[in-house]
file target.txt (compact mmCIF, C-alpha atoms and all ligand atoms)
# COMPACT_ATOMS: atom_id res chain seq x y z
CA MET A 1 -42.23 1.03 -10.49
CA PRO A 2 -42.46 -1.96 -8.14
CA GLY A 3 -39.02 -3.51 -8.73
CA THR A 4 -36.75 -4.51 -5.84
CA VAL A 5 -33.22 -5.84 -6.19
CA ILE A 6 -31.48 -7.88 -3.53
CA VAL A 7 -27.71 -8.03 -3.84
CA GLY A 8 -24.75 -9.23 -1.79
CA THR A 9 -22.41 -6.46 -0.67
CA GLN A 10 -19.34 -8.59 0.04
CA TRP A 11 -17.90 -11.74 -1.59
CA GLY A 12 -21.03 -13.86 -1.43
CA ASP A 13 -22.61 -16.08 1.20
CA GLU A 14 -24.09 -13.09 3.03
CA GLY A 15 -27.38 -14.96 3.47
CA LYS A 16 -29.39 -13.28 0.70
CA GLY A 17 -31.74 -16.26 0.38
CA ARG A 18 -33.37 -15.68 3.75
CA PHE A 19 -34.26 -12.07 2.92
CA THR A 20 -35.47 -13.03 -0.52
CA ASP A 21 -37.64 -15.54 1.26
CA LEU A 22 -38.88 -12.91 3.71
CA LEU A 23 -39.66 -10.36 1.00
CA CYS A 24 -41.54 -12.96 -1.03
CA GLU A 25 -44.69 -12.39 1.03
CA ASP A 26 -45.22 -9.17 -0.97
CA MET A 27 -43.90 -10.32 -4.34
CA SER A 28 -45.66 -11.69 -7.39
CA MET A 29 -42.46 -12.71 -9.09
CA VAL A 30 -38.85 -13.50 -8.11
CA VAL A 31 -36.26 -13.36 -10.88
CA ARG A 32 -32.72 -14.73 -10.77
CA TYR A 33 -30.71 -12.48 -13.08
CA GLN A 34 -27.19 -13.91 -13.27
CA GLY A 35 -24.83 -16.67 -12.17
CA GLY A 36 -25.54 -20.36 -12.25
CA HIS A 37 -25.22 -23.29 -9.90
CA ASN A 38 -22.03 -21.77 -8.47
CA ALA A 39 -24.51 -20.06 -6.14
CA GLY A 40 -25.94 -21.89 -3.20
CA HIS A 41 -28.46 -20.57 -0.76
CA THR A 42 -29.99 -22.28 2.17
CA ILE A 43 -33.52 -21.56 3.28
CA ILE A 44 -34.86 -22.97 6.50
CA ALA A 45 -38.65 -22.98 6.35
CA ASP A 46 -41.51 -25.09 7.68
CA GLY A 47 -39.15 -27.73 9.01
CA HIS A 48 -37.34 -28.04 5.68
CA THR A 49 -33.72 -27.04 5.10
CA LEU A 50 -33.52 -26.32 1.42
CA ALA A 51 -30.21 -25.87 -0.37
CA LEU A 52 -31.03 -24.17 -3.67
CA GLN A 53 -28.59 -23.46 -6.45
CA LEU A 54 -30.60 -22.39 -9.48
CA VAL A 55 -34.24 -22.22 -8.52
CA PRO A 56 -35.21 -18.78 -7.11
CA SER A 57 -36.19 -18.71 -3.45
CA GLY A 58 -39.75 -17.69 -4.39
CA ILE A 59 -40.49 -21.33 -5.25
CA LEU A 60 -41.74 -21.84 -1.69
CA TYR A 61 -44.64 -19.42 -2.15
CA ARG A 62 -47.65 -20.43 -4.19
CA HIS A 63 -48.44 -16.81 -5.10
CA VAL A 64 -44.94 -16.22 -6.52
CA THR A 65 -43.81 -16.98 -10.07
CA PRO A 66 -40.14 -17.90 -9.88
CA VAL A 67 -38.16 -16.96 -12.99
CA ILE A 68 -34.69 -17.89 -14.20
CA GLY A 69 -33.75 -14.91 -16.33
CA ASN A 70 -31.76 -14.64 -19.54
CA GLY A 71 -28.61 -13.64 -17.64
CA VAL A 72 -28.33 -16.99 -15.85
CA VAL A 73 -26.25 -19.92 -17.13
CA VAL A 74 -28.10 -23.18 -16.70
CA ASP A 75 -26.93 -26.74 -16.27
CA PRO A 76 -30.15 -28.57 -17.16
CA ALA A 77 -29.27 -31.70 -15.19
CA VAL A 78 -28.81 -29.60 -12.04
CA LEU A 79 -32.05 -27.74 -12.63
CA ILE A 80 -34.02 -30.95 -13.09
CA ALA A 81 -32.40 -32.56 -10.02
CA GLU A 82 -33.28 -29.48 -7.97
CA CYS A 83 -36.90 -29.60 -9.14
CA ASP A 84 -37.03 -33.32 -8.26
CA MET A 85 -35.62 -32.58 -4.80
CA LEU A 86 -38.26 -29.87 -4.23
CA GLU A 87 -41.11 -32.02 -5.54
CA GLY A 88 -39.87 -34.81 -3.24
CA LYS A 89 -40.42 -32.44 -0.32
CA GLY A 90 -43.92 -31.65 -1.54
CA ILE A 91 -43.01 -28.28 -3.09
CA ASP A 92 -44.72 -27.58 -6.39
CA THR A 93 -42.28 -26.47 -9.11
CA SER A 94 -44.76 -26.16 -11.96
CA ARG A 95 -44.77 -22.34 -11.76
CA LEU A 96 -41.06 -22.09 -12.54
CA LYS A 97 -40.23 -20.20 -15.75
CA LEU A 98 -36.95 -20.50 -17.61
CA SER A 99 -35.78 -17.91 -20.12
CA GLY A 100 -35.31 -19.33 -23.60
CA ASN A 101 -32.42 -16.90 -23.94
CA ALA A 102 -30.48 -18.20 -20.93
CA HIS A 103 -27.26 -19.93 -21.93
CA LEU A 104 -26.61 -23.59 -21.25
CA ILE A 105 -23.68 -24.98 -19.34
CA MET A 106 -22.36 -27.81 -21.48
CA PRO A 107 -20.15 -30.73 -20.38
CA TYR A 108 -17.12 -29.16 -22.07
CA HIS A 109 -17.59 -26.00 -19.98
CA GLN A 110 -17.24 -28.01 -16.78
CA GLU A 111 -14.26 -29.89 -18.14
CA LEU A 112 -12.56 -26.66 -19.23
CA ASP A 113 -13.24 -25.04 -15.84
CA LYS A 114 -11.46 -27.95 -14.15
CA VAL A 115 -8.48 -28.22 -16.48
CA THR A 116 -7.82 -24.48 -16.68
CA GLU A 117 -7.83 -24.21 -12.88
CA ARG A 118 -5.34 -27.08 -12.73
CA PHE A 119 -3.28 -25.44 -15.46
CA LEU A 120 -3.15 -22.14 -13.52
CA GLY A 121 -1.50 -23.92 -10.57
CA LYS A 122 -0.77 -21.51 -7.74
CA ASN A 123 -2.45 -18.72 -9.74
CA LYS A 124 -5.78 -20.57 -9.78
CA LEU A 125 -8.91 -18.53 -9.13
CA GLY A 126 -10.52 -21.08 -6.84
CA THR A 127 -13.62 -21.35 -9.03
CA THR A 128 -16.48 -23.66 -8.14
CA LYS A 129 -15.54 -25.76 -11.23
CA ARG A 130 -19.15 -25.73 -12.38
CA GLY A 131 -18.36 -24.44 -15.89
CA ILE A 132 -19.64 -20.95 -15.15
CA GLY A 133 -16.72 -18.96 -16.61
CA PRO A 134 -16.39 -21.02 -19.80
CA SER A 135 -20.14 -20.80 -20.42
CA TYR A 136 -20.16 -16.99 -20.08
CA ALA A 137 -17.01 -16.85 -22.23
CA ASP A 138 -18.85 -18.68 -25.02
CA LYS A 139 -21.76 -16.29 -24.63
CA ALA A 140 -19.39 -13.35 -25.13
CA THR A 141 -17.66 -14.94 -28.11
CA ARG A 142 -21.09 -15.81 -29.52
CA VAL A 143 -20.65 -19.56 -29.73
CA GLY A 144 -22.85 -20.24 -26.70
CA ILE A 145 -25.84 -22.55 -26.86
CA ARG A 146 -29.07 -21.21 -25.43
CA VAL A 147 -32.03 -22.96 -23.83
CA GLN A 148 -34.15 -22.22 -26.93
CA ASP A 149 -31.62 -24.04 -29.14
CA LEU A 150 -32.65 -27.30 -27.49
CA LEU A 151 -36.11 -26.92 -29.01
CA ASP A 152 -34.86 -27.41 -32.55
CA GLU A 153 -32.77 -30.50 -33.09
CA LYS A 154 -31.16 -29.18 -36.29
CA ILE A 155 -30.10 -25.92 -34.69
CA PHE A 156 -28.91 -27.67 -31.54
CA SER A 157 -26.91 -30.24 -33.49
CA ALA A 158 -25.29 -27.59 -35.72
CA LYS A 159 -24.34 -25.37 -32.77
CA LEU A 160 -23.02 -28.30 -30.78
CA ASP A 161 -20.88 -29.52 -33.69
CA LEU A 162 -19.45 -26.05 -34.20
CA ALA A 163 -18.65 -25.60 -30.51
CA LEU A 164 -17.12 -29.07 -30.18
CA ARG A 165 -14.86 -28.57 -33.17
CA GLU A 166 -13.04 -25.87 -31.22
CA LYS A 167 -13.47 -27.27 -27.68
CA ASN A 168 -12.20 -30.72 -28.59
CA GLY A 169 -9.16 -29.15 -30.23
CA VAL A 170 -8.39 -27.24 -27.05
CA LEU A 171 -9.15 -30.16 -24.71
CA ALA A 172 -7.01 -32.59 -26.68
CA LYS A 173 -4.16 -30.38 -27.87
CA VAL A 174 -3.73 -27.97 -24.98
CA TYR A 175 -4.88 -30.01 -21.99
CA ASN A 176 -4.25 -33.56 -23.21
CA ARG A 177 -7.83 -34.67 -22.52
CA LEU A 178 -10.01 -37.03 -24.49
CA PRO A 179 -12.28 -35.33 -27.01
CA MET A 180 -16.01 -35.26 -26.22
CA LYS A 181 -18.57 -37.01 -28.42
CA ALA A 182 -21.24 -34.82 -30.00
CA SER A 183 -23.71 -37.70 -30.28
CA GLU A 184 -23.59 -38.43 -26.53
CA ILE A 185 -24.07 -34.80 -25.54
CA PHE A 186 -26.81 -34.38 -28.15
CA THR A 187 -28.82 -37.34 -26.87
CA ARG A 188 -28.37 -36.42 -23.22
CA TYR A 189 -29.30 -32.75 -23.63
CA ARG A 190 -32.27 -33.48 -25.89
CA SER A 191 -33.54 -35.91 -23.26
CA TYR A 192 -33.76 -33.00 -20.79
CA LEU A 193 -36.25 -31.28 -23.04
CA GLU A 194 -39.23 -33.26 -21.82
CA ARG A 195 -38.74 -31.69 -18.37
CA LEU A 196 -37.52 -28.29 -19.51
CA GLU A 197 -39.99 -27.49 -22.27
CA PRO A 198 -42.95 -26.67 -20.02
CA MET A 199 -40.77 -24.13 -18.17
CA ILE A 200 -39.33 -22.36 -21.21
CA ALA A 201 -40.87 -18.93 -21.60
CA ASP A 202 -40.44 -15.41 -22.89
CA THR A 203 -39.44 -14.20 -19.46
CA VAL A 204 -38.86 -10.57 -20.49
CA GLU A 205 -42.48 -10.37 -21.62
CA LEU A 206 -43.69 -12.04 -18.40
CA ILE A 207 -41.69 -9.69 -16.18
CA HIS A 208 -42.99 -6.60 -17.96
CA GLU A 209 -46.59 -7.82 -17.86
CA THR A 210 -46.19 -8.23 -14.10
CA LEU A 211 -44.62 -4.79 -13.64
CA GLU A 212 -47.32 -3.21 -15.80
CA ARG A 213 -49.98 -4.71 -13.53
CA ASN A 214 -48.16 -2.82 -10.77
CA GLU A 215 -47.29 -6.07 -9.02
CA ASN A 216 -44.02 -6.41 -7.13
CA VAL A 217 -41.06 -8.12 -8.73
CA LEU A 218 -37.95 -9.11 -6.80
CA PHE A 219 -34.69 -9.42 -8.71
CA GLU A 220 -32.47 -11.84 -6.86
CA GLY A 221 -28.72 -11.52 -7.31
CA ALA A 222 -26.36 -14.44 -6.81
CA GLN A 223 -22.73 -14.14 -5.67
CA ALA A 224 -22.03 -10.53 -4.73
CA THR A 225 -20.67 -7.08 -5.48
CA PHE A 226 -16.97 -7.89 -5.07
CA LEU A 227 -17.29 -11.00 -7.22
CA ASP A 228 -18.69 -8.85 -10.06
CA LEU A 229 -16.80 -9.30 -13.33
CA ASP A 230 -16.48 -5.53 -13.83
CA GLN A 231 -16.55 -4.09 -10.31
CA GLY A 232 -15.08 -6.88 -8.19
CA THR A 233 -11.54 -7.92 -7.32
CA TYR A 234 -10.67 -9.04 -10.86
CA PRO A 235 -9.54 -11.68 -11.81
CA TYR A 236 -10.72 -13.26 -8.53
CA VAL A 237 -14.34 -12.79 -9.51
CA THR A 238 -17.15 -14.69 -11.13
CA SER A 239 -17.97 -14.22 -14.81
CA SER A 240 -21.26 -12.35 -14.50
CA ASN A 241 -22.56 -9.07 -13.05
CA PRO A 242 -24.12 -9.56 -9.63
CA VAL A 243 -24.31 -5.78 -9.00
CA ALA A 244 -27.80 -4.27 -9.08
CA GLY A 245 -27.25 -3.02 -12.64
CA GLY A 246 -26.90 -6.66 -13.69
CA ALA A 247 -30.60 -7.07 -12.96
CA CYS A 248 -31.30 -4.83 -15.96
CA THR A 249 -29.33 -6.86 -18.49
CA GLY A 250 -29.94 -10.22 -16.85
CA ALA A 251 -33.71 -9.84 -16.63
CA GLY A 252 -34.47 -7.35 -19.41
CA VAL A 253 -35.66 -4.31 -17.46
CA GLY A 254 -34.45 -0.72 -17.40
CA PRO A 255 -33.00 1.06 -14.33
CA ARG A 256 -36.27 2.96 -13.88
CA HIS A 257 -38.12 -0.28 -13.21
CA ILE A 258 -36.21 -0.59 -9.95
CA ASN A 259 -37.01 1.53 -6.93
CA ARG A 260 -35.65 -0.41 -3.96
CA ILE A 261 -32.18 -1.96 -3.76
CA ILE A 262 -31.35 -3.98 -0.66
CA GLY A 263 -27.73 -4.81 0.01
CA VAL A 264 -27.19 -7.85 2.20
CA ALA A 265 -24.13 -7.68 4.47
CA LYS A 266 -22.95 -10.28 6.91
CA ALA A 267 -22.06 -8.78 10.32
CA TYR A 268 -18.50 -9.88 9.50
CA VAL A 269 -17.06 -10.85 6.09
CA THR A 270 -16.21 -14.15 4.43
CA ARG A 271 -14.67 -15.04 1.13
CA VAL A 272 -14.13 -18.41 -0.57
CA GLY A 273 -11.52 -18.99 -3.20
CA SER A 274 -8.49 -16.84 -3.86
CA GLY A 275 -8.10 -13.07 -4.02
CA PRO A 276 -7.44 -9.97 -1.94
CA PHE A 277 -9.25 -9.64 1.39
CA PRO A 278 -8.03 -6.74 3.55
CA THR A 279 -9.68 -7.87 6.80
CA ASP A 280 -8.74 -11.57 6.41
CA LEU A 281 -8.27 -13.07 9.90
CA PHE A 282 -5.97 -15.90 10.94
CA ASP A 283 -6.35 -15.87 14.74
CA GLU A 284 -8.74 -17.51 17.20
CA VAL A 285 -11.53 -15.08 16.19
CA SER A 286 -11.33 -16.61 12.72
CA ASP A 287 -12.10 -20.11 14.08
CA LEU A 288 -14.92 -18.75 16.21
CA LEU A 289 -16.55 -17.06 13.21
CA VAL A 290 -16.20 -20.20 11.07
CA ASP A 291 -17.52 -22.51 13.80
CA ARG A 292 -20.41 -20.37 15.00
CA GLY A 293 -21.26 -19.13 11.53
CA GLY A 294 -21.04 -22.57 9.88
CA GLU A 295 -18.79 -20.96 7.31
CA TYR A 296 -18.38 -23.82 4.86
CA GLY A 297 -19.57 -23.52 1.25
CA THR A 298 -23.17 -24.68 0.69
CA ASN A 299 -22.01 -25.87 -2.66
CA THR A 300 -18.41 -27.00 -2.45
CA GLY A 301 -17.97 -27.55 1.30
CA ARG A 302 -14.85 -25.35 1.27
CA ARG A 303 -13.95 -23.50 4.50
CA ARG A 304 -14.65 -19.82 4.02
CA ARG A 305 -12.01 -17.24 4.95
CA PRO A 306 -13.46 -15.00 7.68
CA GLY A 307 -12.67 -11.38 8.55
CA TRP A 308 -13.96 -8.33 10.39
CA LEU A 309 -16.63 -6.20 8.79
CA ASP A 310 -15.13 -3.94 6.16
CA ALA A 311 -16.94 -0.59 6.01
CA VAL A 312 -14.72 0.63 3.15
CA MET A 313 -16.12 -2.14 0.96
CA LEU A 314 -19.58 -1.56 2.27
CA ARG A 315 -19.52 2.14 1.31
CA HIS A 316 -18.29 1.15 -2.13
CA ALA A 317 -21.08 -1.41 -2.43
CA VAL A 318 -23.61 1.31 -1.52
CA ARG A 319 -22.32 3.36 -4.45
CA LEU A 320 -21.93 0.56 -6.99
CA ASN A 321 -25.45 -0.71 -6.40
CA SER A 322 -27.24 2.55 -5.44
CA LEU A 323 -28.34 0.74 -2.31
CA THR A 324 -31.39 2.16 -0.60
CA GLU A 325 -30.78 0.09 2.54
CA LEU A 326 -28.87 -2.76 4.15
CA ALA A 327 -29.98 -6.09 5.59
CA LEU A 328 -27.54 -7.40 8.17
CA THR A 329 -27.11 -11.13 8.70
CA LYS A 330 -25.59 -13.38 11.36
CA LEU A 331 -25.39 -10.73 14.07
CA ASP A 332 -25.81 -13.60 16.56
CA VAL A 333 -22.49 -15.15 15.47
CA LEU A 334 -20.62 -12.27 17.15
CA ALA A 335 -22.30 -12.84 20.54
CA PRO A 336 -19.36 -14.30 22.54
CA LEU A 337 -16.85 -11.66 21.47
CA THR A 338 -15.89 -9.06 24.06
CA GLU A 339 -14.73 -6.61 21.43
CA LEU A 340 -15.53 -6.13 17.78
CA LYS A 341 -13.57 -4.44 15.04
CA ILE A 342 -14.81 -2.59 11.98
CA CYS A 343 -12.41 -1.64 9.20
CA VAL A 344 -13.00 2.08 8.56
CA ALA A 345 -10.12 2.77 6.15
CA TYR A 346 -7.09 1.13 4.55
CA GLU A 347 -3.46 2.11 4.74
CA ASP A 348 -0.84 1.23 2.12
CA GLU A 349 2.80 0.43 2.74
CA SER A 350 3.80 4.11 2.67
CA GLY A 351 1.15 4.97 5.29
CA ARG A 352 -1.23 6.58 2.77
CA ARG A 353 -4.81 6.30 3.94
CA TYR A 354 -7.67 5.21 1.68
CA ASP A 355 -11.30 5.86 2.58
CA HIS A 356 -12.43 4.15 -0.62
CA VAL A 357 -11.50 0.87 -2.32
CA PRO A 358 -8.34 1.58 -4.34
CA TYR A 359 -8.79 0.64 -7.98
CA HIS A 360 -5.23 -0.64 -8.43
CA GLN A 361 -4.67 -4.32 -7.67
CA SER A 362 -1.10 -3.79 -6.42
CA VAL A 363 -2.43 -1.37 -3.80
CA LEU A 364 -5.48 -3.41 -2.82
CA HIS A 365 -3.49 -6.62 -2.41
CA LYS A 366 -1.19 -4.97 0.14
CA VAL A 367 -3.35 -2.54 2.12
CA LYS A 368 -3.71 -3.00 5.87
CA PRO A 369 -7.05 -2.37 7.56
CA VAL A 370 -7.48 0.58 9.93
CA TYR A 371 -9.83 -0.62 12.65
CA GLU A 372 -12.24 1.02 15.03
CA THR A 373 -12.94 -1.13 18.09
CA LEU A 374 -16.40 -1.43 19.61
CA PRO A 375 -17.52 -3.34 22.69
CA GLY A 376 -19.15 -6.74 22.18
CA TRP A 377 -22.38 -7.67 23.95
CA GLY A 378 -21.39 -11.10 25.29
CA ALA A 379 -24.90 -12.57 25.23
CA GLU A 380 -26.90 -14.76 22.86
CA ILE A 381 -29.54 -12.84 20.91
CA GLY A 382 -31.27 -15.64 18.97
CA GLU A 383 -34.54 -15.07 20.83
CA VAL A 384 -34.68 -11.31 20.28
CA ALA A 385 -37.59 -10.21 18.07
CA ARG A 386 -37.45 -6.41 18.34
CA PHE A 387 -34.55 -4.06 17.69
CA GLU A 388 -35.08 -2.28 21.00
CA ASP A 389 -34.62 -5.60 22.83
CA LEU A 390 -31.13 -6.15 21.45
CA PRO A 391 -28.33 -5.45 23.96
CA ALA A 392 -27.14 -1.82 23.77
CA ALA A 393 -23.75 -2.85 22.36
CA ALA A 394 -25.46 -4.75 19.53
CA ARG A 395 -27.62 -1.72 18.72
CA ASP A 396 -24.49 0.45 18.75
CA TYR A 397 -22.76 -1.98 16.37
CA VAL A 398 -25.70 -1.72 13.95
CA ALA A 399 -25.77 2.08 14.33
CA ALA A 400 -22.03 2.26 13.57
CA ILE A 401 -22.59 0.25 10.38
CA GLU A 402 -25.42 2.55 9.32
CA SER A 403 -23.34 5.60 9.92
CA LEU A 404 -20.27 4.24 8.11
CA ALA A 405 -22.30 2.94 5.15
CA GLY A 406 -24.55 5.98 4.89
CA VAL A 407 -27.78 3.98 4.45
CA PRO A 408 -30.19 2.52 7.01
CA VAL A 409 -30.18 -1.07 8.16
CA THR A 410 -33.75 -2.31 7.73
CA PHE A 411 -33.42 -5.96 8.76
CA CYS A 412 -31.08 -7.94 11.03
CA SER A 413 -30.93 -11.70 11.29
CA VAL A 414 -30.21 -13.20 14.70
CA GLY A 415 -30.31 -16.90 13.81
CA PRO A 416 -30.78 -19.20 10.84
CA ALA A 417 -34.53 -19.88 11.16
CA ARG A 418 -37.13 -17.93 9.20
CA GLY A 419 -38.50 -16.30 12.35
CA GLN A 420 -35.12 -15.11 13.63
CA THR A 421 -35.26 -11.78 11.85
CA VAL A 422 -35.47 -8.40 13.50
CA VAL A 423 -37.32 -5.91 11.32
CA MET A 424 -36.08 -2.43 12.14
CA PRO A 425 -38.65 0.15 13.23
CA ALA A 426 -38.17 2.18 10.01
CA ALA A 427 -39.04 -0.83 7.79
CA ALA A 428 -41.85 -2.30 9.87
P1 LIG B 1 -16.96 -19.28 -10.44
O1 LIG B 1 -18.13 -18.40 -10.26
O2 LIG B 1 -17.24 -20.74 -10.19
O3 LIG B 1 -16.26 -19.06 -11.75
O4 LIG B 1 -15.86 -18.89 -9.32
C1 LIG B 1 -15.22 -17.63 -9.33
C2 LIG B 1 -15.06 -17.11 -7.91
O5 LIG B 1 -16.34 -16.78 -7.37
C3 LIG B 1 -14.43 -18.11 -6.94
O6 LIG B 1 -13.63 -17.40 -6.00
C4 LIG B 1 -15.64 -18.69 -6.21
O7 LIG B 1 -15.32 -19.19 -4.94
C5 LIG B 1 -16.53 -17.46 -6.14
N1 LIG B 1 -17.96 -17.80 -6.04
C6 LIG B 1 -18.78 -18.19 -7.03
N2 LIG B 1 -20.03 -18.38 -6.57
C7 LIG B 1 -20.01 -18.07 -5.28
C8 LIG B 1 -21.03 -18.02 -4.26
O8 LIG B 1 -22.21 -18.29 -4.49
N3 LIG B 1 -20.60 -17.65 -3.03
C9 LIG B 1 -19.31 -17.29 -2.77
N4 LIG B 1 -18.35 -17.31 -3.68
C10 LIG B 1 -18.68 -17.70 -4.93
call {"tool": "encode", "arguments": {"input": "target.txt", "output": "structure tokens"}}
result
Amino acid sequence: MPGTVIVGTQWGDEGKGRFTDLLCEDMSMVVRYQGGHNAGHTIIADGHTLALQLVPSGILYRHVTPVIGNGVVVDPAVLIAECDMLEGKGIDTSRLKLSGNAHLIMPYHQELDKVTERFLGKNKLGTTKRGIGPSYADKATRVGIRVQDLLDEKIFSAKLDLALREKNGVLAKVYNRLPMKASEIFTRYRSYLERLEPMIADTVELIHETLERNENVLFEGAQATFLDLDQGTYPYVTSSNPVAGGACTGAGVGPRHINRIIGVAKAYVTRVGSGPFPTDLFDEVSDLLVDRGGEYGTNTGRRRRPGWLDAVMLRHAVRLNSLTELALTKLDVLAPLTELKICVAYEDESGRRYDHVPYHQSVLHKVKPVYETLPGWGAEIGEVARFEDLPAAARDYVAAIESLAGVPVTFCSVGPARGQTVVMPAAA
């Protein structure tokens, strides 16, 4: 079965978009299976720097059908603005398909995301305030409004009235906010239909037709393994399932439709927002990683927290996603460092060693990383095109990651541009 999943192995921002873009050459379809416009990926191609939030990376390829699957939550205004931005750069968006079963992000979701974060004070999650969590919450409590509901004004109006009855109560009585007007939201959302209707499709049917023709389908995860609602560092997670299994529910395929699962790992780690982070760094290396890596959110502009590569997490990500391989990004960022550290285990306060990610939050929040130190290579590598031309210390660093993770590294990125990718001999 020609299904490939691409998934982040850390806390997001690993640079998945560039590999999605690279793999697109061989794909007929690229499907986003979860998340919303909390995601942000940057693709640098043909002189364009494209910051995408909702539209799958495959949009740049005329032979690819980009699909927003049922597992995604969609803010229609953002989707339309993104299509306008792409069209403005001469990129055709007419092939884009949007699942009629995807849930909508409504104005009250965004408002609730903001006020609940404020309400949580120092316990806030550090969400992107895009309404992602509240929209998924409504999906789970079965009061969500789906893309297909927009097509029928009676259904849309009835569902909106029902939702607002409860949301306005909460906004006014709990958070002291002004109630929202159904008529305004109704008119605004119905006005999006003109643009959305041509995209709305039975995406499950389309995906299966493509798979049955034996054509390749790429399932593109947003966020990452440790932001997964079930497997991540709860509650400091997003509200969907980025792990590879999420591709099944979020796109409507079974596990046997997937035969290749690529985990994208940054050569170090970053995290935005709150939550445990065993290899979190606060020294001068941290500034170097942020500066050289441009570690500021594509979406929110927030400074990302940087840390050394964590092989304990990586091994766990291999298991949680059944990874067949790893793609390593931003190896070039490490160039000036004379020594590099990899976290190979954790130790708790009593000195107990963990070779796996401990399930208990009280343990995970307090563990200290156990590091192995490797020599740096002290040279820029942005021009390197072949693995064998990387400095020996860089090759050793990659080999150490392979050995600690237990799966091969098949791609390495050595700079932000499309061409700055080293394809490993095994994958070439
Ligand atoms: P939410 O997804 O906006 O609810 O935010 C929940 C957590 O996930 C916060 O810590 C966010 O910073 C994080 N998050 C959400 N999307 C991304 C992403 O695309 N990259 C990195 N972190 C993200």
call {"tool": "residues_near_ligand", "arguments": {"input": "target.txt", "ligand": "ligand LIG 1 (chain B)", "cutoff": "9 Å", "atoms": "all atoms listed in the file", "output": "MDAnalysis selection string"}}
result
chainID A and resid 11:14 35:41 53 113 125:134 222:224 227:228 235:240 270:275 297:300 302 304
call {"tool": "atom_distance", "arguments": {"input": "target.txt", "atom1": "atom CA of Glu220 of chain A", "atom2": "atom CA of Lys16 of chain A"}}
result
8.3 Å
call {"tool": "atom_distance", "arguments": {"input": "target.txt", "atom1": "atom CA of Gln148 of chain A", "atom2": "atom CA of Glu87 of chain A"}}
result
24.5 Å
call {"tool": "atom_distance", "arguments": {"input": "target.txt", "atom1": "atom CA of Pro66 of chain A", "atom2": "atom CA of Lys97 of chain A"}}
result
6.3 Å
call {"tool": "closest_residue", "arguments": {"input": "target.txt", "among": "A:Gly293, A:Pro391, A:Gly121, A:Pro306", "to": "Asp280 of chain A", "atoms": "only C-alpha atoms"}}
result
A:Pro306
call {"tool": "residues_around", "arguments": {"input": "target.txt", "residues": "segment 315-332 of chain A", "least_positions_apart": "5", "cutoff": "9 Å", "atoms": "only C-alpha atoms", "output": "MDAnalysis selection string"}}
result
chainID A and resid 7:10 14:16 19 225:226 231 243:245 259:268 292:293 310 356:357 379:382 394 398 402 404:416 421
call {"tool": "residues_near_point", "arguments": {"input": "target.txt", "point": "(-25.4, -25.1, -33.4)", "cutoff": "12 Å", "atoms": "only C-alpha atoms", "output": "list in words"}}
result
Arg142, Val143, Gly144, Ile145, Arg146, Val147, Gln148, Asp149, Leu150, Leu151, Asp152, Glu153, Lys154, Ile155, Phe156, Ser157, Ala158, Lys159, Leu160, Asp161, Leu162, Ala163, Leu164, Arg165, Ala182 and Phe186 of chain A
call {"tool": "closest_residue", "arguments": {"input": "target.txt", "among": "A:Leu79, A:Ile68, A:Leu374, A:Leu171", "to": "Lys114 of chain A", "atoms": "only C-alpha atoms"}}
result
A:Leu171
call {"tool": "residues_around", "arguments": {"input": "target.txt", "residues": "segment 205-211 of chain A", "least_positions_apart": "6", "cutoff": "12 Å", "atoms": "all atoms listed in the file", "output": "ChimeraX atom specification"}}
result
/A:1-4,27-33,64-70,96-100,217-219,247-248,250-254,256-259
call {"tool": "closest_residue", "arguments": {"input": "target.txt", "among": "A:Pro255, A:Ile105, A:Ala51, A:Glu111", "to": "Glu82 of chain A", "atoms": "all atoms listed in the file"}}
result
A:Ala51
call {"tool": "residues_around", "arguments": {"input": "target.txt", "residues": "Glu388 of chain A", "least_positions_apart": "4", "cutoff": "12 Å", "atoms": "only C-alpha atoms", "output": "PyMOL selection string"}}
result
chain A and resi 381+384+392-396+398+422-425
call {"tool": "closest_residue", "arguments": {"input": "target.txt", "among": "A:Leu23, A:Leu60, A:Val72, A:Ile43", "to": "Asn241 of chain A", "atoms": "all atoms listed in the file"}}
result
A:Val72
call {"tool": "axis_aligned_box", "arguments": {"input": "target.txt", "around": "segment 147-158 of chain A", "padding_each_side": "4 Å", "output": "AutoDock Vina command-line options"}}
result
--center_x -30.7 --center_y -26.4 --center_z -30.1 --size_x 18.8 --size_y 16.3 --size_z 20.5
call {"tool": "closest_residue", "arguments": {"input": "target.txt", "among": "A:Ser191, A:Asn101, A:Ser94, A:Ser286", "to": "Gly307 of chain A", "atoms": "all atoms listed in the file"}}
result
A:Ser286
call {"tool": "closest_residue", "arguments": {"input": "target.txt", "among": "A:Pro369, A:Gly221, A:Gly17, A:Pro179", "to": "Thr279 of chain A", "atoms": "only C-alpha atoms"}}
result
A:Pro369
